[in-house]
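This is model31.tsv (TSV, C-alpha atoms).
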```tsv
chain	number	residue	atom	x	y	z
A	1	ASN	CA	0.00	0.00	0.00
A	2	LYS	CA	1.66	3.20	-1.20
A	3	GLU	CA	-0.24	5.36	1.29
A	4	GLN	CA	1.23	3.30	4.14
A	5	GLN	CA	4.64	4.74	3.24
A	6	ILE	CA	3.49	8.02	4.77
A	7	LEU	CA	3.67	6.35	8.16
A	8	ASP	CA	6.30	3.65	7.70
A	9	ALA	CA	8.99	5.09	5.44
A	10	PHE	CA	11.60	7.54	6.65
A	11	GLY	CA	13.70	9.45	4.14
A	12	LYS	CA	17.30	8.67	3.28
A	13	GLY	CA	19.90	9.49	5.88
A	14	VAL	CA	17.50	9.83	8.80
A	15	ASP	CA	19.04	6.92	10.75
A	16	GLU	CA	22.46	8.53	10.85
A	17	ALA	CA	21.07	11.95	11.80
A	18	LEU	CA	18.80	10.56	14.53
A	19	GLN	CA	21.46	8.37	16.12
A	20	GLU	CA	23.99	11.20	16.16
A	21	VAL	CA	21.50	13.51	17.90
A	22	LYS	CA	20.44	10.83	20.38
A	23	ILE	CA	24.01	10.09	21.43
A	24	LYS	CA	24.77	13.78	21.93
A	25	LEU	CA	21.53	14.26	23.86
A	26	GLN	CA	22.23	11.29	26.09
A	27	CYS	CA	25.73	12.60	26.80
A	28	ALA	CA	24.30	16.03	27.67
A	29	ILE	CA	21.96	14.37	30.18
A	30	THR	CA	24.31	11.76	31.69
A	31	GLY	CA	27.52	13.78	31.52
A	32	GLY	CA	29.53	11.62	29.10
A	33	LEU	CA	29.89	8.38	27.17
A	34	ASN	CA	30.85	6.43	30.30
A	35	LYS	CA	27.22	6.62	31.55
A	36	LEU	CA	25.68	5.76	28.18
A	37	ILE	CA	24.42	2.47	26.73
A	38	LEU	CA	25.71	2.67	23.15
A	39	PRO	CA	23.78	1.22	20.18
A	40	LYS	CA	24.87	-2.22	18.93
A	41	PHE	CA	26.32	-0.65	15.79
A	42	ALA	CA	28.48	1.82	17.78
A	43	SER	CA	32.19	1.08	17.96
A	44	GLN	CA	35.61	2.54	18.75
A	45	PRO	CA	34.43	4.75	21.65
A	46	THR	CA	36.90	7.24	23.10
A	47	ASN	CA	36.42	9.85	25.80
A	48	THR	CA	34.75	12.23	23.35
A	49	THR	CA	33.91	10.32	20.16
A	50	VAL	CA	32.07	7.20	19.02
A	51	THR	CA	31.85	5.67	15.55
A	52	LEU	CA	28.48	4.54	14.20
A	53	SER	CA	28.63	1.77	11.62
A	54	GLN	CA	26.84	-1.40	10.41
A	55	SER	CA	23.03	-1.61	10.60
A	56	PRO	CA	21.06	0.62	10.21
A	57	MET	CA	23.85	2.65	8.62
A	58	LYS	CA	24.18	0.17	5.72
A	59	GLY	CA	27.94	0.22	5.59
A	60	LYS	CA	28.39	3.92	6.31
A	61	LYS	CA	30.49	5.20	9.18
A	62	VAL	CA	29.71	8.34	11.13
A	63	VAL	CA	32.01	9.69	13.85
A	64	VAL	CA	30.05	11.47	16.56
A	65	ASP	CA	32.02	14.04	18.55
A	66	VAL	CA	30.18	14.53	21.82
A	67	GLY	CA	32.53	17.39	22.62
A	68	GLU	CA	30.49	19.43	20.14
A	69	THR	CA	27.21	18.75	21.95
A	70	PRO	CA	25.14	21.95	22.15
A	71	LYS	CA	23.84	23.07	25.53
A	72	VAL	CA	20.35	21.79	26.29
A	73	GLU	CA	18.21	24.01	28.48
A	74	GLY	CA	16.20	22.51	31.30
A	75	ILE	CA	18.31	19.45	32.10
A	76	PRO	CA	18.02	18.85	35.87
A	77	GLU	CA	21.29	19.11	37.76
A	78	ASN	CA	20.44	15.82	39.48
A	79	SER	CA	19.58	14.00	36.26
A	80	ILE	CA	21.72	10.96	37.15
A	81	GLU	CA	19.95	10.67	40.51
A	82	ILE	CA	16.58	10.86	38.72
A	83	LEU	CA	17.61	8.06	36.36
A	84	GLN	CA	18.83	5.95	39.29
A	85	GLU	CA	15.57	6.50	41.16
A	86	MET	CA	13.55	5.57	38.07
A	87	ASN	CA	15.52	2.36	37.69
A	88	SER	CA	15.05	1.53	41.37
A	89	CYS	CA	11.29	2.10	41.18
A	90	ILE	CA	10.93	-0.07	38.07
A	91	ARG	CA	12.99	-2.85	39.63
A	92	THR	CA	10.91	-2.80	42.82
A	93	LEU	CA	7.69	-2.75	40.78
A	94	CYS	CA	8.84	-5.78	38.77
A	95	ASP	CA	9.71	-7.64	41.98
A	96	HIS	CA	6.26	-6.95	43.43
A	97	MET	CA	4.52	-8.04	40.23
A	98	LEU	CA	6.59	-11.22	40.17
A	99	GLU	CA	5.68	-12.02	43.76
A	100	ARG	CA	1.99	-11.75	42.97
A	101	LEU	CA	2.40	-14.07	39.99
A	102	GLY	CA	4.05	-16.86	41.97
A	103	HIS	CA	7.50	-18.28	42.54
A	104	LYS	CA	10.21	-16.61	40.50
A	105	GLU	CA	11.93	-19.83	39.40
A	106	GLU	CA	8.71	-21.42	38.18
A	107	ILE	CA	7.61	-18.36	36.19
A	108	GLU	CA	10.93	-17.60	34.52
A	109	ASP	CA	11.27	-21.24	33.38
A	110	HIS	CA	7.75	-21.30	31.95
A	111	GLU	CA	7.95	-21.18	28.11
A	112	ASP	CA	4.40	-19.91	27.68
A	113	PHE	CA	4.76	-17.27	30.37
A	114	MET	CA	3.80	-14.29	28.19
A	115	MET	CA	0.61	-15.82	26.87
A	116	GLU	CA	-1.16	-16.76	30.10
A	117	THR	CA	-2.63	-13.70	31.77
A	118	GLN	CA	-2.77	-9.93	31.45
A	119	ALA	CA	-0.80	-9.66	34.69
A	120	MET	CA	1.99	-11.67	33.12
A	121	LEU	CA	1.96	-9.47	30.01
A	122	ASP	CA	2.19	-6.38	32.23
A	123	TYR	CA	5.12	-7.91	34.06
A	124	GLU	CA	6.91	-8.71	30.79
A	125	ARG	CA	6.35	-5.13	29.59
A	126	TRP	CA	7.94	-3.64	32.71
A	127	LYS	CA	10.70	-6.25	32.75
A	128	ALA	CA	11.58	-5.23	29.18
A	129	HIS	CA	11.80	-1.59	30.30
A	130	LEU	CA	14.06	-2.59	33.19
A	131	LEU	CA	16.44	-4.58	30.99
A	132	SER	CA	16.61	-1.90	28.28
A	133	PHE	CA	16.83	1.16	30.50
A	134	CYS	CA	19.85	0.43	32.68
A	135	LYS	CA	22.80	-1.96	32.39
A	136	ARG	CA	25.67	-1.88	34.86
A	137	GLY	CA	25.13	1.76	35.77
A	138	LYS	CA	24.75	2.93	32.16
A	139	TYR	CA	21.47	4.31	30.80
A	140	ASN	CA	19.49	4.20	27.60
A	141	ILE	CA	17.78	7.59	27.45
A	142	SER	CA	15.70	6.54	24.44
A	143	GLU	CA	13.73	4.23	26.73
A	144	ILE	CA	12.41	7.15	28.80
A	145	SER	CA	9.53	8.01	26.48
A	146	ASP	CA	8.39	4.35	26.44
A	147	ILE	CA	8.53	4.19	30.24
A	148	TYR	CA	6.57	7.43	30.43
A	149	ASP	CA	3.89	6.03	28.10
A	150	SER	CA	3.67	2.82	30.14
A	151	CYS	CA	3.17	4.80	33.35
A	152	LYS	CA	0.40	6.86	31.75
A	153	HIS	CA	-1.30	3.74	30.41
A	154	ASP	CA	-1.25	2.01	33.80
A	155	LEU	CA	-2.47	5.07	35.66
A	156	ILE	CA	-5.32	5.74	33.24
A	157	SER	CA	-6.39	2.10	33.26
A	158	GLU	CA	-5.92	1.91	37.06
A	159	LYS	CA	-3.75	-1.19	36.83
A	160	PHE	CA	-2.51	-0.91	40.41
A	161	LYS	CA	-5.53	0.62	42.12
A	162	ASP	CA	-5.83	-2.37	44.48
A	163	THR	CA	-2.20	-2.28	45.65
A	164	ASP	CA	-1.39	1.00	47.37
A	165	GLU	CA	2.38	0.47	47.43
A	166	ASP	CA	2.60	-0.27	43.70
A	167	PHE	CA	0.25	2.58	42.89
A	168	LEU	CA	2.61	4.97	44.67
A	169	LEU	CA	5.56	3.38	42.85
A	170	ILE	CA	3.98	3.80	39.42
A	171	LYS	CA	2.97	7.37	40.23
A	172	LYS	CA	6.51	8.20	41.40
A	173	THR	CA	7.97	6.61	38.26
A	174	TYR	CA	5.55	8.64	36.17
A	175	CYS	CA	6.64	11.92	37.79
A	176	LEU	CA	10.34	11.09	37.31
A	177	ALA	CA	9.82	9.95	33.71
A	178	LYS	CA	7.75	13.04	32.93
A	179	THR	CA	10.57	15.29	34.13
A	180	MET	CA	13.08	13.58	31.86
A	181	ALA	CA	10.69	13.11	28.90
A	182	ALA	CA	10.14	16.88	28.82
A	183	ILE	CA	13.85	17.13	27.90
A	184	VAL	CA	14.29	14.01	25.79
A	185	VAL	CA	11.24	14.04	23.50
A	186	PRO	CA	11.52	17.58	22.04
A	187	ASN	CA	15.29	17.23	21.51
A	188	GLU	CA	15.61	13.70	20.10
A	189	TYR	CA	14.40	15.05	16.73
A	190	GLY	CA	17.12	17.70	16.73
A	191	MET	CA	18.91	19.79	19.35
A	192	THR	CA	19.64	22.77	17.10
A	193	GLY	CA	17.40	24.53	14.61
A	194	GLN	CA	19.34	23.09	11.66
A	195	GLU	CA	19.14	19.56	13.09
A	196	LYS	CA	15.39	19.88	13.65
A	197	LEU	CA	14.91	21.06	10.08
A	198	ASN	CA	17.15	18.41	8.53
A	199	ILE	CA	15.71	15.49	10.54
A	200	GLY	CA	12.17	16.79	10.14
A	201	HIS	CA	12.43	16.84	6.34
A	202	ARG	CA	13.92	13.34	6.31
A	203	ILE	CA	11.38	11.78	8.68
A	204	CYS	CA	8.24	13.07	6.99
A	205	SER	CA	9.49	13.24	3.40
A	206	GLU	CA	6.72	10.92	2.15
A	207	LEU	CA	4.08	12.84	4.08
A	208	LEU	CA	5.33	16.13	2.61
A	209	LYS	CA	5.17	14.66	-0.90
A	210	LYS	CA	1.60	13.51	-0.27
A	211	LEU	CA	0.59	16.97	0.99
A	212	HIS	CA	2.11	18.57	-2.10
A	213	ARG	CA	0.21	16.19	-4.41
A	214	ASP	CA	-3.07	16.92	-2.64
A	215	PHE	CA	-2.55	20.68	-2.73
A	216	SER	CA	-1.82	20.44	-6.46
A	217	ALA	CA	-4.98	18.38	-6.95
A	218	MET	CA	-7.02	21.08	-5.22
A	219	ARG	CA	-5.77	23.74	-7.61
A	220	GLN	CA	-6.33	21.56	-10.65
A	221	GLN	CA	-9.85	20.78	-9.54
A	222	SER	CA	-10.67	24.47	-9.22
A	223	LYS	CA	-9.78	24.94	-12.90
A	224	LEU	CA	-12.51	22.60	-14.14
A	225	ASP	CA	-14.85	24.36	-16.52
A	226	VAL	CA	-18.50	24.80	-15.64
A	227	GLN	CA	-19.74	21.75	-17.54
A	228	GLU	CA	-17.15	19.47	-15.96
A	229	PHE	CA	-18.08	20.83	-12.57
A	230	LEU	CA	-21.78	20.18	-13.20
A	231	ASP	CA	-21.01	16.67	-14.44
A	232	GLN	CA	-19.02	16.01	-11.31
A	233	GLU	CA	-21.91	17.34	-9.19
A	234	GLU	CA	-24.23	14.87	-10.91
A	235	ARG	CA	-21.89	11.95	-10.30
A	236	GLU	CA	-21.62	12.86	-6.62
A	237	ARG	CA	-25.39	13.17	-6.33
A	238	GLU	CA	-25.90	9.73	-7.90
A	239	ALA	CA	-23.23	8.23	-5.66
A	240	SER	CA	-24.92	9.81	-2.64
A	241	GLU	CA	-28.27	8.32	-3.60
A	242	GLU	CA	-26.72	4.88	-4.08
A	243	ASP	CA	-25.02	5.09	-0.68
A	244	ASP	CA	-28.31	6.10	0.94
A	245	GLU	CA	-30.07	3.12	-0.64
A	246	GLU	CA	-27.35	0.80	0.60
A	247	GLY	CA	-27.29	2.39	4.05
A	248	GLY	CA	-23.72	3.55	3.54
A	249	GLY	CA	-24.18	7.23	4.35
A	250	GLY	CA	-23.84	10.25	2.11
A	251	GLY	CA	-21.27	10.76	-0.61
A	252	THR	CA	-21.75	14.51	-0.87
A	253	HIS	CA	-19.02	16.94	0.06
A	254	ARG	CA	-21.24	19.89	0.92
A	255	LEU	CA	-21.40	21.25	4.43
A	256	ALA	CA	-23.85	19.39	6.65
A	257	ALA	CA	-27.08	21.38	6.96
A	258	GLU	CA	-26.89	21.62	10.76
A	259	PHE	CA	-23.47	23.28	10.51
A	260	ALA	CA	-24.07	25.36	7.38
A	261	GLU	CA	-26.87	27.48	8.84
A	262	GLY	CA	-25.77	31.07	9.19
A	263	GLY	CA	-22.63	30.57	7.12
A	264	LYS	CA	-21.68	32.99	4.37
A	265	THR	CA	-21.34	30.21	1.76
A	266	PRO	CA	-23.54	27.30	2.94
A	267	LEU	CA	-23.46	25.58	-0.47
A	268	ARG	CA	-19.70	25.48	-0.82
A	269	HIS	CA	-17.95	22.18	-1.33
A	270	VAL	CA	-15.72	20.81	1.42
A	271	ARG	CA	-13.24	18.05	0.82
A	272	SER	CA	-11.24	16.71	3.74
A	273	ARG	CA	-8.22	14.44	3.79
A	274	PHE	CA	-7.02	12.72	6.94
A	275	TYR	CA	-3.46	11.52	7.41
A	276	HIS	CA	-3.19	9.15	10.36
A	277	THR	CA	0.46	9.01	11.28
A	278	SER	CA	2.89	8.67	14.19
A	279	GLU	CA	4.12	11.00	16.92
A	280	SER	CA	7.52	11.19	15.23
A	281	HIS	CA	5.87	12.54	12.07
A	282	ILE	CA	3.90	15.14	14.06
A	283	HIS	CA	7.11	16.35	15.73
A	284	ALA	CA	8.95	16.31	12.40
A	285	LEU	CA	6.26	18.23	10.51
A	286	HIS	CA	5.98	20.76	13.35
A	287	ASN	CA	9.76	21.28	13.33
A	288	VAL	CA	9.92	21.76	9.55
A	289	LEU	CA	7.19	24.40	9.55
A	290	ALA	CA	8.43	26.13	12.70
A	291	MET	CA	12.10	26.24	11.70
A	292	GLU	CA	11.14	27.67	8.28
A	293	GLY	CA	9.19	30.47	9.98
A	294	ILE	CA	5.68	29.40	8.99
A	295	PHE	CA	4.66	29.68	12.65
A	296	SER	CA	6.32	30.02	16.06
A	297	ALA	CA	7.39	26.71	17.58
A	298	VAL	CA	5.00	25.22	20.12
A	299	LYS	CA	7.04	24.88	23.32
A	300	GLY	CA	6.43	23.39	26.73
A	301	VAL	CA	3.50	21.28	25.53
A	302	GLU	CA	3.46	17.51	25.22
A	303	PHE	CA	2.24	16.10	21.89
A	304	ASP	CA	-0.18	13.54	23.27
A	305	TYR	CA	-2.63	11.02	21.86
A	306	LEU	CA	-4.74	12.57	19.05
A	307	SER	CA	-2.35	15.49	18.63
A	308	SER	CA	-2.97	17.01	15.21
A	309	ILE	CA	-1.89	19.60	12.66
A	310	VAL	CA	-4.66	20.89	10.40
A	311	PHE	CA	-4.25	22.67	7.07
A	312	ARG	CA	-7.44	24.55	6.19
A	313	VAL	CA	-7.20	25.65	2.55
A	314	PHE	CA	-9.31	28.50	1.14
A	315	GLU	CA	-9.74	29.77	-2.41
A	316	ASN	CA	-10.92	33.28	-3.24
A	317	PRO	CA	-12.37	33.00	-6.79
A	318	GLU	CA	-12.52	36.79	-7.06
A	319	MET	CA	-8.73	36.96	-7.16
A	320	GLU	CA	-6.74	36.50	-10.37
A	321	GLU	CA	-5.44	32.99	-11.11
A	322	LYS	CA	-1.84	34.18	-10.92
A	323	ASP	CA	-2.38	36.09	-7.67
A	324	ASP	CA	-0.72	34.26	-4.75
A	325	ALA	CA	-3.47	35.53	-2.45
A	326	ARG	CA	-6.08	33.47	-4.32
A	327	TRP	CA	-5.13	30.43	-2.21
A	328	THR	CA	-4.52	30.81	1.53
A	329	VAL	CA	-3.99	28.25	4.29
A	330	ASP	CA	-4.89	28.42	7.98
A	331	ILE	CA	-2.61	26.16	10.03
A	332	LEU	CA	-4.09	24.90	13.29
A	333	PHE	CA	-2.67	22.69	16.03
A	334	SER	CA	-3.88	20.65	18.98
A	335	PRO	CA	-1.58	18.79	21.41
A	336	GLY	CA	-4.30	16.14	21.77
A	337	CYS	CA	-5.50	14.53	24.99
A	338	VAL	CA	-3.20	16.39	27.35
A	339	GLY	CA	-3.85	15.90	31.04
A	340	GLU	CA	-2.82	14.07	34.17
A	341	PRO	CA	-3.45	10.31	33.80
A	342	SER	CA	-4.66	10.06	37.40
A	343	ASP	CA	-7.66	12.16	36.28
A	344	GLY	CA	-8.63	9.56	33.69
A	345	CYS	CA	-8.66	9.79	29.91
A	346	ALA	CA	-8.79	13.47	28.92
A	347	SER	CA	-10.54	14.96	25.91
A	348	ALA	CA	-8.48	16.41	23.08
A	349	VAL	CA	-7.58	20.08	23.43
A	350	ASP	CA	-9.33	22.39	20.96
A	351	LEU	CA	-7.45	23.40	17.83
A	352	VAL	CA	-5.68	26.76	17.92
A	353	LYS	CA	-4.71	28.69	14.79
A	354	LEU	CA	-0.95	29.15	14.58
A	355	SER	CA	-0.66	30.98	11.29
A	356	THR	CA	-2.23	32.00	7.98
A	357	VAL	CA	-0.02	31.82	4.89
A	358	THR	CA	-0.43	31.66	1.13
A	359	LEU	CA	-0.48	28.19	-0.35
A	360	LYS	CA	2.50	29.13	-2.51
A	361	ASP	CA	4.62	29.95	0.56
A	362	LEU	CA	3.61	26.71	2.26
A	363	GLU	CA	4.41	24.63	-0.82
A	364	SER	CA	7.80	26.28	-1.15
A	365	ILE	CA	8.65	24.95	2.32
A	366	ILE	CA	7.17	21.50	1.68
A	367	ASN	CA	9.23	21.12	-1.52
A	368	LEU	CA	12.57	21.91	0.11
A	369	LYS	CA	15.10	19.09	0.15
A	370	PRO	CA	16.97	18.17	3.37
A	371	SER	CA	20.51	19.46	3.51
```
Taking this structure as input, can you express it in the form of structure tokens?
Amino acid sequence: NKEQQILDAFGKGVDEALQEVKIKLQCAITGGLNKLILPKFASQPTNTTVTLSQSPMKGKKVVVDVGETPKVEGIPENSIEILQEMNSCIRTLCDHMLERLGHKEEIEDHEDFMMETQAMLDYERWKAHLLSFCKRGKYNISEISDIYDSCKHDLISEKFKDTDEDFLLIKKTYCLAKTMAAIVVPNEYGMTGQEKLNIGHRICSELLKKLHRDFSAMRQQSKLDVQEFLDQEEREREASEEDDEEGGGGGTHRLAAEFAEGGKTPLRHVRSRFYHTSESHIHALHNVLAMEGIFSAVKGVEFDYLSSIVFRVFENPEMEEKDDARWTVDILFSPGCVGEPSDGCASAVDLVKLSTVTLKDLESIINLKPS
């Protein structure tokens, strides 16, 4: 499925760029390579450099100089202590979960352990975090966002509501992970403006191409002559009637009557396209548009479940075809279901308009190639 590439496929060179940024970020947080769990394809570490090679670099070698790591604002002075406390909480939580499941020796020797109960699956999830997060006093900072998500999931679903001690443990882990995630997540897609722009373009290259194709289709559609437009109207009407007969809903693209009342153009056509993608693509697209000056970067806000960027395209038929102002775009953003997990599942935050630009200016940014 070609459309699936929008979500699955990253552009060329993104692996190298991401790994270089992640290593520098982890060094900024932990204080050096000696406190860092290096990727499997990292080799030849020195006090200030590490060489990235093999998979996923596909034969390429990249030397990362952590001495050139830019300063990251907001890193807690006691970041190592926070990481140690997180690790301790997760270890204690795993021990408690294991005790409730039965004898340790019997469970760990059981081949079908993961498939038996939800409690066992929860234990395996947290055990995986424990093994990936810390090894012999070294930390994998990339695991923080996963730990944070696990804490939120368990608090929202009230996994430990019947065990007070574990509930306090998961809540403490959540608070610690949230502190560190606020540093890790915004910076793992680039620590400098140029890194954010470069990585952003590479991550969402397929999504940007798809947006460009759809914007072009909108303009082409507006150029249809009157007869073609009327023919298209007739086809849509017939399709709508067929859907109604089959119980499949309407096929029309006009505004729904209950929302059109009082509008200036209630009969206008509305065509919507939805791109369901990942958090990494939302961050990447945000960084591309923000770093290119389309809008001011959204700071201090977590991009949560159902976070979204909306492009609302308008055409003014009274303007000349060659006039850039004929097509304008409102860009809106919502961070999604932001809220404390202990309060339950929150509703998505309302969209807020970040900027209005001409379609030409937006397309000029979308068509830029990563450096």
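Proximity of A:Ile147, A:Ile23, A:Ala177, A:Ala128 to Ile82 (chain A), computed with all atoms listed in the file, is greatest for A:Ala177.
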Using all atoms listed in the file, give me every residue within 12 Å of (22.3, 13.0, 30.0) in file coordinates, as a PyMOL selection string.
chain A and resi 22-37+66+69+71-83+138-142+144+180-181+183-184+187-188
Could you write out that same residue set with C-alpha atoms as a PDB file, keeping the file's coordinate frame?
```pdb
ATOM      1  CA  LYS A  22      20.440  10.830  20.380  1.00  0.00           C
ATOM      2  CA  ILE A  23      24.010  10.090  21.430  1.00  0.00           C
ATOM      3  CA  LYS A  24      24.770  13.780  21.930  1.00  0.00           C
ATOM      4  CA  LEU A  25      21.530  14.260  23.860  1.00  0.00           C
ATOM      5  CA  GLN A  26      22.230  11.290  26.090  1.00  0.00           C
ATOM      6  CA  CYS A  27      25.730  12.600  26.800  1.00  0.00           C
ATOM      7  CA  ALA A  28      24.300  16.030  27.670  1.00  0.00           C
ATOM      8  CA  ILE A  29      21.960  14.370  30.180  1.00  0.00           C
ATOM      9  CA  THR A  30      24.310  11.760  31.690  1.00  0.00           C
ATOM     10  CA  GLY A  31      27.520  13.780  31.520  1.00  0.00           C
ATOM     11  CA  GLY A  32      29.530  11.620  29.100  1.00  0.00           C
ATOM     12  CA  LEU A  33      29.890   8.380  27.170  1.00  0.00           C
ATOM     13  CA  ASN A  34      30.850   6.430  30.300  1.00  0.00           C
ATOM     14  CA  LYS A  35      27.220   6.620  31.550  1.00  0.00           C
ATOM     15  CA  LEU A  36      25.680   5.760  28.180  1.00  0.00           C
ATOM     16  CA  ILE A  37      24.420   2.470  26.730  1.00  0.00           C
ATOM     17  CA  VAL A  66      30.180  14.530  21.820  1.00  0.00           C
ATOM     18  CA  THR A  69      27.210  18.750  21.950  1.00  0.00           C
ATOM     19  CA  LYS A  71      23.840  23.070  25.530  1.00  0.00           C
ATOM     20  CA  VAL A  72      20.350  21.790  26.290  1.00  0.00           C
ATOM     21  CA  GLU A  73      18.210  24.010  28.480  1.00  0.00           C
ATOM     22  CA  GLY A  74      16.200  22.510  31.300  1.00  0.00           C
ATOM     23  CA  ILE A  75      18.310  19.450  32.100  1.00  0.00           C
ATOM     24  CA  PRO A  76      18.020  18.850  35.870  1.00  0.00           C
ATOM     25  CA  GLU A  77      21.290  19.110  37.760  1.00  0.00           C
ATOM     26  CA  ASN A  78      20.440  15.820  39.480  1.00  0.00           C
ATOM     27  CA  SER A  79      19.580  14.000  36.260  1.00  0.00           C
ATOM     28  CA  ILE A  80      21.720  10.960  37.150  1.00  0.00           C
ATOM     29  CA  GLU A  81      19.950  10.670  40.510  1.00  0.00           C
ATOM     30  CA  ILE A  82      16.580  10.860  38.720  1.00  0.00           C
ATOM     31  CA  LEU A  83      17.610   8.060  36.360  1.00  0.00           C
ATOM     32  CA  LYS A 138      24.750   2.930  32.160  1.00  0.00           C
ATOM     33  CA  TYR A 139      21.470   4.310  30.800  1.00  0.00           C
ATOM     34  CA  ASN A 140      19.490   4.200  27.600  1.00  0.00           C
ATOM     35  CA  ILE A 141      17.780   7.590  27.450  1.00  0.00           C
ATOM     36  CA  SER A 142      15.700   6.540  24.440  1.00  0.00           C
ATOM     37  CA  ILE A 144      12.410   7.150  28.800  1.00  0.00           C
ATOM     38  CA  MET A 180      13.080  13.580  31.860  1.00  0.00           C
ATOM     39  CA  ALA A 181      10.690  13.110  28.900  1.00  0.00           C
ATOM     40  CA  ILE A 183      13.850  17.130  27.900  1.00  0.00           C
ATOM     41  CA  VAL A 184      14.290  14.010  25.790  1.00  0.00           C
ATOM     42  CA  ASN A 187      15.290  17.230  21.510  1.00  0.00           C
ATOM     43  CA  GLU A 188      15.610  13.700  20.100  1.00  0.00           C
TER      44      GLU A 188
END
```
I want to know what sits within 9 Å of Lys171 (chain A), based on only C-alpha atoms, with residues of the same chain fewer than 4 positions away left out; could you give that as a list in words?
Cys151, Lys152, Leu155, Asp166, Phe167, Cys175, Leu176 and Ser342 of chain A
Surrounding residues of Ser157 (chain A) excluding itself and chain neighbours under 3 positions, 8 Å, all atoms listed in the file, as a list of chain:residue names:
A:His153, A:Asp154, A:Gly344
Take the point (20.8, 18.7, 11.4) in the file's coordinates, draw a sphere of radius 10 Å around it, and report as a list in words every protein, DNA or RNA residue with an atom inside or on it, counting all atoms listed in the file.
Val14, Ala17, Leu18, Glu20, Val21, Tyr189, Gly190, Met191, Thr192, Gly193, Gln194, Glu195, Lys196, Leu197, Asn198, Ile199, Gly200, His201, Pro370 and Ser371 of chain A
Quote the spacing between CA of Cys337 (chain A) and CA of Leu285 (chain A) in Å to one decimal place.
19.0 Å
So how far away is CA of Thr92 (chain A) from CA of Leu169 (chain A), in Å?
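These two atoms are separated by 8.2 Å.
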Since the input has fewer atoms than a full residue there, write region 77-81 of chain A out with all heavy atoms, as a PDB file, in the coordinates of the input.
```
ATOM      1  N   GLU A  77      19.925  19.314  37.280  1.00  0.00           N
ATOM      2  CA  GLU A  77      21.290  19.110  37.760  1.00  0.00           C
ATOM      3  C   GLU A  77      21.463  17.709  38.353  1.00  0.00           C
ATOM      4  O   GLU A  77      22.558  17.155  38.347  1.00  0.00           O
ATOM      5  CB  GLU A  77      21.642  20.168  38.809  1.00  0.00           C
ATOM      6  CG  GLU A  77      21.710  21.588  38.243  1.00  0.00           C
ATOM      7  CD  GLU A  77      22.107  22.603  39.289  1.00  0.00           C
ATOM      8  OE1 GLU A  77      22.320  22.186  40.463  1.00  0.00           O
ATOM      9  OE2 GLU A  77      22.210  23.792  38.958  1.00  0.00           O
ATOM     10  N   ASN A  78      20.377  17.152  38.876  1.00  0.00           N
ATOM     11  CA  ASN A  78      20.440  15.820  39.480  1.00  0.00           C
ATOM     12  C   ASN A  78      19.896  14.755  38.536  1.00  0.00           C
ATOM     13  O   ASN A  78      19.234  13.811  38.953  1.00  0.00           O
ATOM     14  CB  ASN A  78      19.653  15.797  40.789  1.00  0.00           C
ATOM     15  CG  ASN A  78      18.177  16.095  40.587  1.00  0.00           C
ATOM     16  OD1 ASN A  78      17.800  16.765  39.611  1.00  0.00           O
ATOM     17  ND2 ASN A  78      17.332  15.593  41.492  1.00  0.00           N
ATOM     18  N   SER A  79      20.157  14.915  37.243  1.00  0.00           N
ATOM     19  CA  SER A  79      19.580  14.000  36.260  1.00  0.00           C
ATOM     20  C   SER A  79      20.006  12.551  36.487  1.00  0.00           C
ATOM     21  O   SER A  79      19.206  11.628  36.324  1.00  0.00           O
ATOM     22  CB  SER A  79      19.950  14.437  34.832  1.00  0.00           C
ATOM     23  OG  SER A  79      21.358  14.513  34.681  1.00  0.00           O
ATOM     24  N   ILE A  80      21.260  12.330  36.879  1.00  0.00           N
ATOM     25  CA  ILE A  80      21.720  10.960  37.150  1.00  0.00           C
ATOM     26  C   ILE A  80      20.944  10.362  38.310  1.00  0.00           C
ATOM     27  O   ILE A  80      20.530   9.194  38.270  1.00  0.00           O
ATOM     28  CB  ILE A  80      23.230  10.944  37.452  1.00  0.00           C
ATOM     29  CG1 ILE A  80      24.031  11.339  36.197  1.00  0.00           C
ATOM     30  CG2 ILE A  80      23.655   9.559  37.930  1.00  0.00           C
ATOM     31  CD1 ILE A  80      23.891  10.371  35.056  1.00  0.00           C
ATOM     32  N   GLU A  81      20.720  11.162  39.364  1.00  0.00           N
ATOM     33  CA  GLU A  81      19.950  10.670  40.510  1.00  0.00           C
ATOM     34  C   GLU A  81      18.511  10.327  40.108  1.00  0.00           C
ATOM     35  O   GLU A  81      17.938   9.337  40.580  1.00  0.00           O
ATOM     36  CB  GLU A  81      19.935  11.705  41.641  1.00  0.00           C
ATOM     37  CG  GLU A  81      21.259  11.867  42.385  1.00  0.00           C
ATOM     38  CD  GLU A  81      22.268  12.718  41.613  1.00  0.00           C
ATOM     39  OE1 GLU A  81      21.919  13.207  40.520  1.00  0.00           O
ATOM     40  OE2 GLU A  81      23.407  12.849  42.103  1.00  0.00           O
TER      41      GLU A  81
END
```
